[in-house]
>>> print(open('model_20.txt').read())   # compact mmCIF, C-alpha atoms and all ligand atoms
# COMPACT_ATOMS: atom_id res chain seq x y z
CA MET A 1 1.61 114.58 197.14
CA TYR A 2 4.00 117.20 195.85
CA TYR A 3 4.72 120.80 196.74
CA VAL A 4 5.56 123.90 194.73
CA SER A 5 6.90 127.31 195.66
CA THR A 6 4.39 130.16 195.54
CA ARG A 7 6.89 132.11 193.43
CA ASP A 8 8.00 129.43 190.97
CA VAL A 9 6.47 130.08 187.53
CA ASN A 10 7.76 126.68 186.35
CA LYS A 11 5.95 124.93 189.22
CA THR A 12 8.82 122.57 190.01
CA LYS A 13 7.44 119.80 192.21
CA ILE A 14 9.27 118.61 195.32
CA THR A 15 8.46 116.08 198.03
CA ALA A 16 7.14 116.93 201.47
CA SER A 17 10.37 115.95 203.17
CA LYS A 18 12.35 118.18 200.82
CA ALA A 19 10.01 121.08 201.53
CA ILE A 20 10.42 120.52 205.28
CA VAL A 21 14.21 120.45 205.00
CA SER A 22 14.22 123.66 202.90
CA GLY A 23 11.83 125.77 205.00
CA LEU A 24 11.62 128.72 202.65
CA ALA A 25 11.94 127.99 198.89
CA PRO A 26 15.20 129.18 197.27
CA ASP A 27 13.25 131.78 195.27
CA GLY A 28 11.92 133.28 198.51
CA GLY A 29 8.47 131.71 198.08
CA LEU A 30 6.60 129.38 200.41
CA TYR A 31 5.88 125.74 199.67
CA VAL A 32 2.23 124.87 199.09
CA PRO A 33 0.57 121.53 198.31
CA CYS A 34 -0.24 120.92 194.63
CA GLU A 35 -3.74 119.83 195.58
CA PHE A 36 -6.00 119.45 198.60
CA PRO A 37 -6.99 115.90 199.52
CA VAL A 38 -10.38 115.34 201.15
CA LEU A 39 -10.40 113.96 204.69
CA HIS A 40 -13.37 111.71 205.35
CA ASP A 41 -12.32 109.91 208.45
CA PHE A 42 -12.35 112.16 211.49
CA MET A 43 -15.72 112.20 213.30
CA GLY A 44 -15.43 110.57 216.72
CA LYS A 45 -11.71 109.83 216.30
CA SER A 46 -8.97 110.53 218.82
CA TYR A 47 -6.56 113.42 218.30
CA GLU A 48 -3.78 111.01 217.36
CA GLU A 49 -5.97 109.20 214.86
CA ILE A 50 -7.00 112.44 213.18
CA ALA A 51 -3.40 113.65 213.18
CA PHE A 52 -2.29 110.44 211.50
CA ASN A 53 -5.10 110.61 208.93
CA VAL A 54 -4.33 114.23 208.04
CA LEU A 55 -0.56 113.81 207.87
CA LYS A 56 -0.78 110.63 205.81
CA LEU A 57 -2.51 112.59 203.04
CA TYR A 58 0.25 115.20 202.89
CA LEU A 59 3.43 113.42 203.96
CA THR A 60 3.29 110.74 201.30
CA ASP A 61 7.02 110.13 201.43
CA PHE A 62 6.71 109.05 205.08
CA SER A 63 5.63 105.51 205.96
CA ASP A 64 2.54 104.81 208.06
CA ASP A 65 4.75 103.39 210.80
CA GLU A 66 6.85 106.54 210.89
CA LEU A 67 3.85 108.83 211.09
CA LYS A 68 2.19 106.74 213.80
CA GLU A 69 5.36 106.76 215.85
CA TYR A 70 5.90 110.53 215.53
CA VAL A 71 2.29 111.35 216.35
CA GLN A 72 2.47 109.10 219.39
CA LEU A 73 5.75 110.66 220.56
CA ALA A 74 4.40 114.18 220.04
CA TYR A 75 0.91 113.87 221.49
CA GLY A 76 0.59 110.50 223.23
CA LYS A 77 1.59 111.71 226.68
CA ASN A 78 0.98 115.42 226.43
CA LEU A 79 -1.88 116.57 224.24
CA PRO A 80 -1.65 120.37 224.10
CA VAL A 81 -5.26 120.71 222.86
CA LYS A 82 -8.39 120.81 225.03
CA ILE A 83 -11.91 121.94 224.35
CA ASN A 84 -13.49 124.11 226.98
CA GLY A 85 -16.99 125.24 226.02
CA ASP A 86 -16.65 127.47 222.99
CA TYR A 87 -12.89 127.75 223.38
CA LEU A 88 -10.48 125.53 221.54
CA GLU A 89 -7.61 125.73 224.00
CA LEU A 90 -4.34 125.16 222.17
CA PHE A 91 -2.07 126.17 225.02
CA HIS A 92 -1.58 123.06 227.14
CA GLY A 93 1.84 122.28 225.70
CA ARG A 94 5.34 122.83 227.01
CA THR A 95 5.45 126.63 226.67
CA SER A 96 1.74 127.39 227.11
CA ALA A 97 1.07 128.78 223.63
CA PHE A 98 -0.49 127.26 220.53
CA LYS A 99 2.82 126.94 218.72
CA ASP A 100 3.62 123.95 220.92
CA VAL A 101 1.01 121.95 219.01
CA ALA A 102 3.10 121.98 215.85
CA LEU A 103 6.46 122.15 217.56
CA GLN A 104 5.91 118.99 219.58
CA LEU A 105 5.78 117.14 216.26
CA TYR A 106 8.07 119.21 214.06
CA PRO A 107 11.47 117.92 215.33
CA TYR A 108 10.49 114.35 214.35
CA LEU A 109 9.36 115.49 210.92
CA LEU A 110 12.56 117.47 210.46
CA THR A 111 15.00 114.75 211.48
CA ALA A 112 13.16 112.15 209.37
CA SER A 113 13.16 114.57 206.43
CA LEU A 114 16.91 115.06 206.74
CA ARG A 115 17.38 111.29 206.71
CA LYS A 116 15.10 110.83 203.68
CA ASN A 117 17.08 113.39 201.72
CA ASN A 118 20.43 111.88 202.75
CA VAL A 119 21.46 115.05 204.51
CA SER A 120 24.21 114.17 206.95
CA LYS A 121 24.89 117.78 207.89
CA THR A 122 23.64 119.42 211.05
CA ALA A 123 20.36 121.28 210.49
CA VAL A 124 20.46 124.84 211.80
CA VAL A 125 16.92 125.86 212.62
CA LEU A 126 16.94 129.64 212.47
CA VAL A 127 13.83 131.46 213.63
CA ALA A 128 12.61 134.96 214.24
CA THR A 129 10.07 135.19 217.02
CA SER A 130 7.64 137.67 218.48
CA GLY A 131 7.85 135.60 221.66
CA ASP A 132 5.94 132.34 221.52
CA THR A 133 7.62 130.69 218.54
CA GLY A 134 11.03 131.13 220.11
CA SER A 135 10.26 129.36 223.35
CA ALA A 136 8.29 126.62 221.59
CA VAL A 137 11.09 126.00 219.08
CA LEU A 138 13.71 125.91 221.83
CA ALA A 139 11.67 123.53 223.97
CA GLY A 140 10.94 121.34 220.94
CA MET A 141 14.48 121.25 219.56
CA ALA A 142 16.54 121.10 222.78
CA ASN A 143 19.03 118.23 222.55
CA VAL A 144 17.55 116.85 219.31
CA PRO A 145 20.58 115.16 217.66
CA ASN A 146 22.05 116.70 214.48
CA THR A 147 20.23 119.98 214.97
CA ARG A 148 20.93 123.45 216.31
CA ALA A 149 18.29 126.02 217.10
CA ILE A 150 19.04 129.75 216.82
CA VAL A 151 16.30 132.10 217.94
CA ILE A 152 16.23 135.85 217.28
CA TYR A 153 13.74 137.94 219.26
CA PRO A 154 13.01 141.66 219.63
CA ALA A 155 14.68 142.46 222.96
CA GLU A 156 12.03 145.00 223.96
CA GLY A 157 9.02 143.34 222.38
CA VAL A 158 8.25 140.20 224.40
CA SER A 159 6.51 139.59 227.72
CA PRO A 160 8.66 138.93 230.82
CA ILE A 161 7.60 135.28 230.87
CA GLN A 162 8.23 134.83 227.16
CA ARG A 163 11.71 136.27 227.71
CA LEU A 164 12.41 134.00 230.68
CA GLN A 165 11.20 130.94 228.78
CA MET A 166 13.79 131.66 226.12
CA THR A 167 16.70 132.92 228.20
CA THR A 168 16.54 129.99 230.64
CA GLN A 169 16.22 127.25 228.02
CA GLU A 170 18.67 124.43 228.57
CA GLY A 171 20.09 122.24 225.82
CA ASN A 172 23.53 121.89 224.27
CA ASN A 173 22.25 122.90 220.81
CA VAL A 174 20.16 126.00 221.51
CA HIS A 175 21.11 129.67 221.09
CA VAL A 176 19.05 132.77 221.80
CA PHE A 177 19.72 136.39 220.83
CA GLY A 178 17.81 139.59 221.41
CA ILE A 179 17.99 142.30 218.75
CA LYS A 180 17.10 145.97 218.83
CA GLY A 181 14.00 146.50 216.71
CA ASN A 182 10.64 144.82 216.40
CA PHE A 183 9.51 141.38 215.20
CA ASP A 184 9.40 142.47 211.57
CA ASP A 185 13.06 143.52 211.80
CA ALA A 186 13.90 140.09 213.21
CA GLN A 187 11.84 138.29 210.56
CA LYS A 188 13.34 140.37 207.76
CA ALA A 189 16.91 139.68 208.93
CA VAL A 190 16.22 135.95 209.11
CA LYS A 191 14.61 135.90 205.65
CA GLU A 192 17.65 137.73 204.25
CA ILE A 193 19.95 135.10 205.67
CA PHE A 194 17.85 132.35 204.09
CA SER A 195 18.24 133.90 200.66
CA ASP A 196 21.92 134.85 201.16
CA GLU A 197 23.56 131.97 199.30
CA LYS A 198 27.04 133.37 199.84
CA PHE A 199 26.63 133.54 203.61
CA LYS A 200 25.20 130.03 203.81
CA ALA A 201 27.93 128.67 201.52
CA GLY A 202 30.45 129.68 204.20
CA PHE A 203 28.99 126.96 206.44
CA ALA A 204 27.88 124.51 203.78
CA ASP A 205 30.45 121.82 204.56
CA LYS A 206 28.85 121.14 207.94
CA TYR A 207 25.51 122.91 208.15
CA ILE A 208 22.24 123.28 206.35
CA PHE A 209 19.91 126.15 207.27
CA THR A 210 16.21 125.67 207.74
CA SER A 211 13.33 127.43 209.41
CA ALA A 212 10.80 126.47 212.04
CA ASN A 213 8.71 129.59 211.56
CA SER A 214 5.20 129.02 210.31
CA ILE A 215 6.55 129.40 206.78
CA ASN A 216 7.80 125.81 207.19
CA LEU A 217 5.38 123.20 205.94
CA GLY A 218 6.29 121.07 208.96
CA ARG A 219 4.70 123.73 211.16
CA LEU A 220 1.64 124.29 209.03
CA LEU A 221 0.38 120.73 208.50
CA PRO A 222 0.10 119.74 212.19
CA GLN A 223 -2.16 122.78 212.70
CA ILE A 224 -4.81 121.47 210.31
CA VAL A 225 -5.52 118.63 212.73
CA TYR A 226 -7.16 120.60 215.54
CA TYR A 227 -9.76 122.13 213.25
CA PHE A 228 -11.06 118.64 212.45
CA TYR A 229 -10.71 117.54 216.06
CA ALA A 230 -12.65 120.59 217.32
CA TYR A 231 -15.45 119.94 214.87
CA SER A 232 -15.66 116.30 215.84
CA GLU A 233 -15.50 116.94 219.59
CA SER A 234 -18.07 119.73 219.49
CA ARG A 235 -20.49 117.25 217.90
CA CYS A 236 -21.36 119.87 215.36
CA SER A 237 -23.72 118.67 212.67
CA GLY A 238 -23.90 121.67 210.40
CA LYS A 239 -21.39 124.37 209.63
CA ILE A 240 -19.02 125.93 212.11
CA ASN A 241 -17.19 129.24 212.44
CA PHE A 242 -13.68 129.55 213.80
CA VAL A 243 -12.29 132.77 215.26
CA VAL A 244 -8.52 132.97 215.03
CA PRO A 245 -6.30 135.54 216.77
CA THR A 246 -3.92 136.22 213.90
CA GLY A 247 -0.40 137.49 213.31
CA ASN A 248 1.65 135.68 210.68
CA PHE A 249 -1.49 134.03 209.26
CA GLY A 250 -0.22 130.48 209.94
CA ASN A 251 -2.94 129.33 212.29
CA ILE A 252 -5.89 130.61 210.27
CA LEU A 253 -4.31 129.36 207.03
CA ALA A 254 -4.40 125.84 208.48
CA GLY A 255 -8.14 126.43 209.02
CA TYR A 256 -8.48 127.39 205.39
CA TYR A 257 -6.63 124.20 204.40
CA ALA A 258 -9.03 122.19 206.60
CA ARG A 259 -11.93 123.79 204.75
CA LYS A 260 -10.35 122.87 201.41
CA MET A 261 -10.15 119.30 202.74
CA GLY A 262 -13.88 119.22 203.26
CA LEU A 263 -14.45 120.48 206.80
CA PRO A 264 -17.77 122.39 206.74
CA ILE A 265 -16.45 125.75 207.88
CA ASN A 266 -18.79 128.68 207.41
CA LYS A 267 -16.56 131.63 208.34
CA LEU A 268 -12.96 131.98 209.35
CA ILE A 269 -12.87 135.15 211.41
CA CYS A 270 -9.47 136.80 211.40
CA ALA A 271 -8.93 138.79 214.60
CA THR A 272 -6.11 141.31 214.71
CA ASN A 273 -4.93 143.87 217.25
CA SER A 274 -4.12 147.49 216.26
CA ASN A 275 -1.54 146.11 213.83
CA ARG A 276 -4.38 145.48 211.47
CA VAL A 277 -2.74 144.89 208.12
CA LEU A 278 -4.87 141.75 207.67
CA ASP A 279 -8.13 143.33 208.80
CA ASP A 280 -7.56 146.08 206.24
CA PHE A 281 -6.70 143.47 203.62
CA PHE A 282 -9.95 141.56 204.14
CA LYS A 283 -11.97 144.78 204.19
CA THR A 284 -10.37 146.52 201.21
CA GLY A 285 -8.45 143.88 199.26
CA VAL A 286 -5.30 145.98 199.66
CA TYR A 287 -2.32 144.53 201.53
CA ASP A 288 -0.37 147.57 202.66
CA THR A 289 2.56 146.87 204.96
CA GLU A 290 3.78 150.49 204.86
CA ARG A 291 2.22 151.62 208.10
CA PRO A 292 3.15 152.44 211.69
CA PHE A 293 4.00 149.53 213.98
CA TYR A 294 2.26 149.39 217.37
CA THR A 295 3.50 147.58 220.45
CA THR A 296 0.36 146.09 222.00
CA ILE A 297 -0.61 143.87 224.93
CA SER A 298 -1.00 140.96 222.48
CA PRO A 299 2.66 140.94 221.36
CA SER A 300 2.54 137.66 219.45
CA MET A 301 0.30 139.40 216.94
CA ASP A 302 2.39 142.58 216.61
CA ILE A 303 3.29 142.29 212.98
CA LEU A 304 3.21 144.25 209.75
CA VAL A 305 4.24 141.55 207.28
CA SER A 306 2.09 138.47 207.50
CA SER A 307 4.12 135.85 205.66
CA ASN A 308 1.56 133.10 205.23
CA LEU A 309 -0.88 135.38 203.43
CA GLU A 310 1.23 134.64 200.36
CA ARG A 311 -0.04 131.05 200.53
CA LEU A 312 -3.65 132.19 200.58
CA ILE A 313 -3.19 134.61 197.71
CA TYR A 314 -1.54 131.84 195.70
CA GLU A 315 -4.79 129.85 195.90
CA ASN A 316 -6.63 132.67 194.19
CA VAL A 317 -9.52 132.32 196.60
CA SER A 318 -12.66 134.31 196.90
CA LEU A 319 -12.37 136.02 200.27
CA ASP A 320 -16.08 135.58 201.12
CA MET A 321 -15.37 132.82 203.60
CA PHE A 322 -13.29 135.22 205.71
CA ASP A 323 -14.43 137.91 208.06
CA SER A 324 -12.16 140.14 210.10
CA ASP A 325 -11.95 142.80 212.73
CA SER A 326 -9.31 144.66 214.68
CA VAL A 327 -9.33 145.20 218.41
CA THR A 328 -7.62 147.93 220.46
CA ASP A 329 -5.78 147.35 223.76
CA GLU A 330 -8.62 149.05 225.66
CA GLU A 331 -11.16 146.71 224.07
CA THR A 332 -8.91 143.74 224.84
CA LEU A 333 -8.69 144.64 228.54
CA GLN A 334 -12.44 145.27 228.71
CA THR A 335 -13.11 141.89 227.07
CA ILE A 336 -10.89 140.09 229.61
CA LYS A 337 -12.88 141.79 232.36
CA ASP A 338 -16.31 141.12 230.84
CA VAL A 339 -15.66 137.45 230.14
CA TYR A 340 -14.23 136.94 233.60
CA ASN A 341 -17.26 138.58 235.20
CA SER A 342 -19.79 136.69 233.11
CA LYS A 343 -18.14 133.24 232.87
CA GLN A 344 -15.27 133.22 235.41
CA TYR A 345 -13.08 132.29 232.46
CA ILE A 346 -9.75 134.09 232.08
CA LEU A 347 -8.75 134.93 228.53
CA ASP A 348 -5.17 135.67 227.61
CA PRO A 349 -4.87 138.96 225.68
CA HIS A 350 -4.59 137.22 222.27
CA THR A 351 -7.66 135.11 222.85
CA ALA A 352 -9.43 138.23 224.13
CA VAL A 353 -8.73 139.89 220.77
CA GLY A 354 -10.45 136.87 219.20
CA GLN A 355 -13.41 137.08 221.58
CA CYS A 356 -13.90 140.81 220.99
CA ALA A 357 -13.65 140.43 217.20
CA TYR A 358 -16.27 137.69 217.41
CA ASP A 359 -18.58 139.83 219.56
CA LYS A 360 -18.36 142.58 216.94
CA TYR A 361 -18.92 140.09 214.13
CA LYS A 362 -22.01 138.68 215.77
CA LYS A 363 -23.44 142.11 216.42
CA ARG A 364 -22.75 143.19 212.85
CA THR A 365 -24.08 140.05 211.11
CA GLY A 366 -26.47 138.35 213.52
CA ASP A 367 -24.82 135.06 212.47
CA GLU A 368 -25.90 132.31 214.89
CA THR A 369 -23.68 129.57 213.43
CA GLN A 370 -21.92 127.49 216.07
CA THR A 371 -18.55 129.10 216.70
CA MET A 372 -15.26 128.14 218.32
CA ILE A 373 -12.69 130.68 219.41
CA LEU A 374 -9.12 129.48 219.22
CA ALA A 375 -7.49 130.17 222.59
CA THR A 376 -3.86 130.64 221.62
CA ALA A 377 -2.08 131.22 224.92
CA SER A 378 -2.44 130.60 228.61
CA PRO A 379 -3.32 133.77 230.55
CA TYR A 380 -0.42 132.94 232.89
CA LYS A 381 1.95 133.78 230.10
CA PHE A 382 0.74 137.39 230.18
CA SER A 383 0.02 137.70 233.88
CA GLU A 384 0.87 141.44 234.14
CA THR A 385 -1.80 142.25 231.57
CA ILE A 386 -4.35 139.99 233.23
CA GLU A 387 -3.64 141.53 236.60
CA SER A 388 -4.07 145.04 235.19
CA ALA A 389 -7.41 143.99 233.63
CA LEU A 390 -8.81 142.11 236.61
CA GLY A 391 -7.00 143.78 239.48
CA ASN A 392 -6.14 140.48 241.12
CA VAL A 393 -3.17 138.18 240.97
CA LEU A 394 -3.36 134.89 239.08
CA ASN A 395 -2.90 131.84 241.28
CA ASN A 396 -1.76 128.31 240.41
CA PRO A 397 0.25 128.79 237.23
CA PRO A 398 1.04 125.67 235.21
CA GLU A 399 4.22 123.83 236.23
CA ASN A 400 6.33 125.06 233.32
CA ILE A 401 5.70 128.70 234.25
CA LYS A 402 5.87 128.24 238.02
CA HIS A 403 9.52 127.17 237.96
CA LEU A 404 10.79 129.79 235.53
CA SER A 405 11.91 132.42 238.02
CA ASN A 406 14.17 129.92 239.82
CA LYS A 407 16.00 128.90 236.68
CA PRO A 408 19.41 130.38 235.80
CA ILE A 409 19.58 132.78 232.85
CA LEU A 410 21.66 131.03 230.20
CA HIS A 411 21.22 133.40 227.25
CA ASN A 412 21.22 137.16 227.69
CA GLU A 413 22.99 138.55 224.65
CA VAL A 414 21.49 141.46 222.73
CA ILE A 415 23.24 141.74 219.36
CA ASP A 416 23.20 144.04 216.37
CA ASN A 417 24.89 141.79 213.84
CA ILE A 418 23.08 138.50 213.37
CA ARG A 419 25.48 137.17 210.75
CA LYS A 420 28.42 137.71 213.06
CA ALA A 421 26.60 136.01 215.96
CA ILE A 422 25.79 132.99 213.80
CA GLY A 423 29.37 132.88 212.58
CA ASN A 424 30.59 132.77 216.17
CA ILE A 425 28.35 129.85 217.04
CA LEU A 426 28.94 127.72 213.98
C1 LIG B 501 1.78 133.14 217.23
C2 LIG B 501 0.58 133.53 217.99
C3 LIG B 501 -0.55 134.05 217.37
C4 LIG B 501 -0.59 134.31 215.88
O1 LIG B 501 -0.57 133.14 215.13
P1 LIG B 501 -0.20 133.18 213.58
O2 LIG B 501 -0.15 131.78 213.15
O3 LIG B 501 1.14 133.86 213.50
O4 LIG B 501 -1.25 133.99 212.91
C5 LIG B 501 -1.65 134.35 218.14
N1 LIG B 501 -1.64 134.17 219.48
C6 LIG B 501 -0.56 133.68 220.12
C7 LIG B 501 -0.61 133.53 221.60
C8 LIG B 501 0.58 133.33 219.40
O5 LIG B 501 1.63 132.81 220.05
>>> encode(input="model_20.txt", output="structure tokens")
Amino acid sequence: MYYVSTRDVNKTKITASKAIVSGLAPDGGLYVPCEFPVLHDFMGKSYEEIAFNVLKLYLTDFSDDELKEYVQLAYGKNLPVKINGDYLELFHGRTSAFKDVALQLYPYLLTASLRKNNVSKTAVVLVATSGDTGSAVLAGMANVPNTRAIVIYPAEGVSPIQRLQMTTQEGNNVHVFGIKGNFDDAQKAVKEIFSDEKFKAGFADKYIFTSANSINLGRLLPQIVYYFYAYSESRCSGKINFVVPTGNFGNILAGYYARKMGLPINKLICATNSNRVLDDFFKTGVYDTERPFYTTISPSMDILVSSNLERLIYENVSLDMFDSDSVTDEETLQTIKDVYNSKQYILDPHTAVGQCAYDKYKKRTGDETQTMILATASPYKFSETIESALGNVLNNPPENIKHLSNKPILHNEVIDNIRKAIGNIL
């Protein structure tokens, strides 16, 4: 299996490991697979078996033994995925958000990819985060040999627990900086550094830059797995819908890839908050990022530029398989309340956006197809919002969140010059 950049007219093919080492393509494009293999073997299989079967089709320059070992190390003891009724809970990993699913595996894929490409330099994993990626990258990369992780987050745009998860992260190779501005400013700055050959050349004797944002293939592929797993575990026999709370379009894109691989998905329902660039795109066909930015109670979806959409557009797809809706903060809070009252189930604000978009979809279409809603974060991660919706305090947080307030703050710098900050570290 080979990969090409979405922006390369010559369609130069590279291996999976090379794509993982590079992150973003040198031309600014994103790496996509040249074809979509069909996955036959997933019904009734364990998560690890499905993960191995999916990855084997894409990571053809990895051996079976390598893939088995990495899958075991990533998921053997701590499977971040659970199915709870109609909810595909993806938040049982180290930082209580769905990004852990990919980031528990990614460091193994990265270090093996470096080895396969004879890169002896230290890999600098540079990421922009709206909150959850940062903590998941830091937890995944902490103390991984021959790597450094540098995380840039909007100082005013993350929840208190997201901030604490980042600023208390231990590890001799991790660095965290707040910036003034929003997530798009952080993402833009990081993308500029990736395409700034002169800046990178200044460190090229010792370091190679890569990304662990969802633009990296090593993040995207592990996310395909849970769509197959959910279908298998739900004992679905016909088609299935998935509702995906969406920001950078990485999660839902993995669902689209699963569909290309033969999973009988009826609709992929893209749920956005008031930052509804994607909802407008699916409704009108126009992708217009020139619009006001809103800070919402689902901050991990506060985004104007949705990077992974470029991968979908590259496939030249008919958009019929997608549906979408946008959900306001008021609707989100009301949904948290309603679902708690009717099912005693507490939704985090992102998952509540998904639930509300699905409720609207069902009302609008009458579609009765079996549906799973991807639950992307633990409600404990956004406890202030939950408490304002339900009026009561959440008890019994998961261990990783319970201990946060006792941990020392190790990173509290807010910077305005990212290049300078990187220079100081390296
Ligand atoms: C990152 C994130 C999302 C958005 O996922 P994308 O892959 O960026 O579309 C949704 N919910 C939560 C809780 C997240 O952390």
>>> residues_near_point(input="model_20.txt", point="(3.2, 134.8, 228.3)", cutoff="6 Å", atoms="all atoms listed in the file", output="short mmCIF file (atom, residue, chain, number, x, y, z; two decimals) with C-alpha atoms, keeping the file's coordinate frame")
data_model
loop_
_atom_site.label_atom_id
_atom_site.label_comp_id
_atom_site.auth_asym_id
_atom_site.auth_seq_id
_atom_site.Cartn_x
_atom_site.Cartn_y
_atom_site.Cartn_z
CA SER A 159 6.51 139.59 227.72
CA ILE A 161 7.60 135.28 230.87
CA GLN A 162 8.23 134.83 227.16
CA LYS A 381 1.95 133.78 230.10
CA PHE A 382 0.74 137.39 230.18
#
>>> residues_near_point(input="model_20.txt", point="(17.9, 130.2, 215.3)", cutoff="12 Å", atoms="all atoms listed in the file", output="ChimeraX atom specification")
/A:123-129,133-135,137-138,141-142,147-153,166,173-178,186-187,189-191,193-194,209-213,418-419,421-422,425-426
>>> residues_around(input="model_20.txt", residues="A:Arg364", least_positions_apart="5", cutoff="12 Å", atoms="only C-alpha atoms", output="list in words")
Asp323, Ser324, Asp325, Ala357, Tyr358 and Asp359 of chain A
>>> residues_near_ligand(input="model_20.txt", ligand="ligand LIG 501 (chain B)", cutoff="9 Å", atoms="only C-alpha atoms and all ligand atoms", output="PyMOL selection string")
chain A and resi 91+96-99+129-133+213-214+220+244-254+270+272+298-303+306-308+348-351+374-378+381
>>> atom_distance(input="model_20.txt", atom1="atom CA of A:Ile313", atom2="atom CA of A:Asn216")
17.0 Å
>>> axis_aligned_box(input="model_20.txt", around="stretch 168-187 of chain A", padding_each_side="3 Å", output="JSON")
{"center_x": 16.5, "center_y": 134.2, "center_z": 220.6, "size_x": 20.1, "size_y": 30.6, "size_z": 26.1}
>>> residues_around(input="model_20.txt", residues="A:Lys68", least_positions_apart="5", cutoff="12 Å", atoms="all atoms listed in the file", output="JSON, numbers by chain")
{"A": [47, 48, 49, 50, 51, 52, 53, 54, 55, 56, 59, 62, 63, 73, 74, 75, 76, 105, 108, 109]}
>>> closest_residue(input="model_20.txt", among="A:Arg115, A:Lys45, A:Lys18, A:Arg291", to="A:Tyr31", atoms="only C-alpha atoms")
A:Lys18
>>> residues_around(input="model_20.txt", residues="A:Val339", least_positions_apart="5", cutoff="10 Å", atoms="only C-alpha atoms", output="JSON list (two decimals) with C-alpha atoms, keeping the file's coordinate frame")
[["chain", "number", "residue", "atom", "x", "y", "z"],
["A", 334, "GLN", "CA", -12.44, 145.27, 228.71],
["A", 344, "GLN", "CA", -15.27, 133.22, 235.41],
["A", 345, "TYR", "CA", -13.08, 132.29, 232.46],
["A", 346, "ILE", "CA", -9.75, 134.09, 232.08],
["A", 347, "LEU", "CA", -8.75, 134.93, 228.53],
["A", 352, "ALA", "CA", -9.43, 138.23, 224.13],
["A", 355, "GLN", "CA", -13.41, 137.08, 221.58],
["A", 356, "CYS", "CA", -13.90, 140.81, 220.99]]
>>> closest_residue(input="model_20.txt", among="A:Ile401, A:Glu192, A:Lys206, A:Tyr226", to="A:Pro80", atoms="all atoms listed in the file")
A:Tyr226
>>> build_atoms(input="model_20.txt", residues="stretch 317-329 of chain A", atoms="N, CA and C atoms", output="PDB file, keeping the file's coordinate frame")
ATOM      1  N   VAL A 317      -8.220 132.620 196.014  1.00  0.00           N
ATOM      2  CA  VAL A 317      -9.520 132.320 196.600  1.00  0.00           C
ATOM      3  C   VAL A 317     -10.440 133.532 196.567  1.00  0.00           C
ATOM      4  N   SER A 318     -11.717 133.249 196.621  1.00  0.00           N
ATOM      5  CA  SER A 318     -12.660 134.310 196.900  1.00  0.00           C
ATOM      6  C   SER A 318     -12.596 134.514 198.412  1.00  0.00           C
ATOM      7  N   LEU A 319     -12.594 135.754 198.847  1.00  0.00           N
ATOM      8  CA  LEU A 319     -12.370 136.020 200.270  1.00  0.00           C
ATOM      9  C   LEU A 319     -13.672 135.975 201.080  1.00  0.00           C
ATOM     10  N   ASP A 320     -14.776 135.569 200.427  1.00  0.00           N
ATOM     11  CA  ASP A 320     -16.080 135.580 201.120  1.00  0.00           C
ATOM     12  C   ASP A 320     -16.130 134.754 202.388  1.00  0.00           C
ATOM     13  N   MET A 321     -15.311 133.702 202.433  1.00  0.00           N
ATOM     14  CA  MET A 321     -15.370 132.820 203.600  1.00  0.00           C
ATOM     15  C   MET A 321     -14.666 133.438 204.811  1.00  0.00           C
ATOM     16  N   PHE A 322     -13.992 134.571 204.603  1.00  0.00           N
ATOM     17  CA  PHE A 322     -13.290 135.220 205.710  1.00  0.00           C
ATOM     18  C   PHE A 322     -14.087 136.433 206.205  1.00  0.00           C
ATOM     19  N   ASP A 323     -13.982 136.657 207.507  1.00  0.00           N
ATOM     20  CA  ASP A 323     -14.430 137.910 208.060  1.00  0.00           C
ATOM     21  C   ASP A 323     -13.272 138.408 208.916  1.00  0.00           C
ATOM     22  N   SER A 324     -13.276 139.664 209.293  1.00  0.00           N
ATOM     23  CA  SER A 324     -12.160 140.140 210.100  1.00  0.00           C
ATOM     24  C   SER A 324     -12.568 141.336 210.936  1.00  0.00           C
ATOM     25  N   ASP A 325     -11.800 141.568 211.969  1.00  0.00           N
ATOM     26  CA  ASP A 325     -11.950 142.800 212.730  1.00  0.00           C
ATOM     27  C   ASP A 325     -10.650 143.084 213.461  1.00  0.00           C
ATOM     28  N   SER A 326     -10.477 144.341 213.869  1.00  0.00           N
ATOM     29  CA  SER A 326      -9.310 144.660 214.680  1.00  0.00           C
ATOM     30  C   SER A 326      -9.795 145.175 216.024  1.00  0.00           C
ATOM     31  N   VAL A 327      -8.940 144.983 217.024  1.00  0.00           N
ATOM     32  CA  VAL A 327      -9.330 145.200 218.410  1.00  0.00           C
ATOM     33  C   VAL A 327      -8.226 146.009 219.099  1.00  0.00           C
ATOM     34  N   THR A 328      -8.615 147.088 219.781  1.00  0.00           N
ATOM     35  CA  THR A 328      -7.620 147.930 220.460  1.00  0.00           C
ATOM     36  C   THR A 328      -7.241 147.304 221.813  1.00  0.00           C
ATOM     37  N   ASP A 329      -6.184 147.829 222.427  1.00  0.00           N
ATOM     38  CA  ASP A 329      -5.780 147.350 223.760  1.00  0.00           C
ATOM     39  C   ASP A 329      -6.886 147.590 224.789  1.00  0.00           C
TER      40      ASP A 329
END
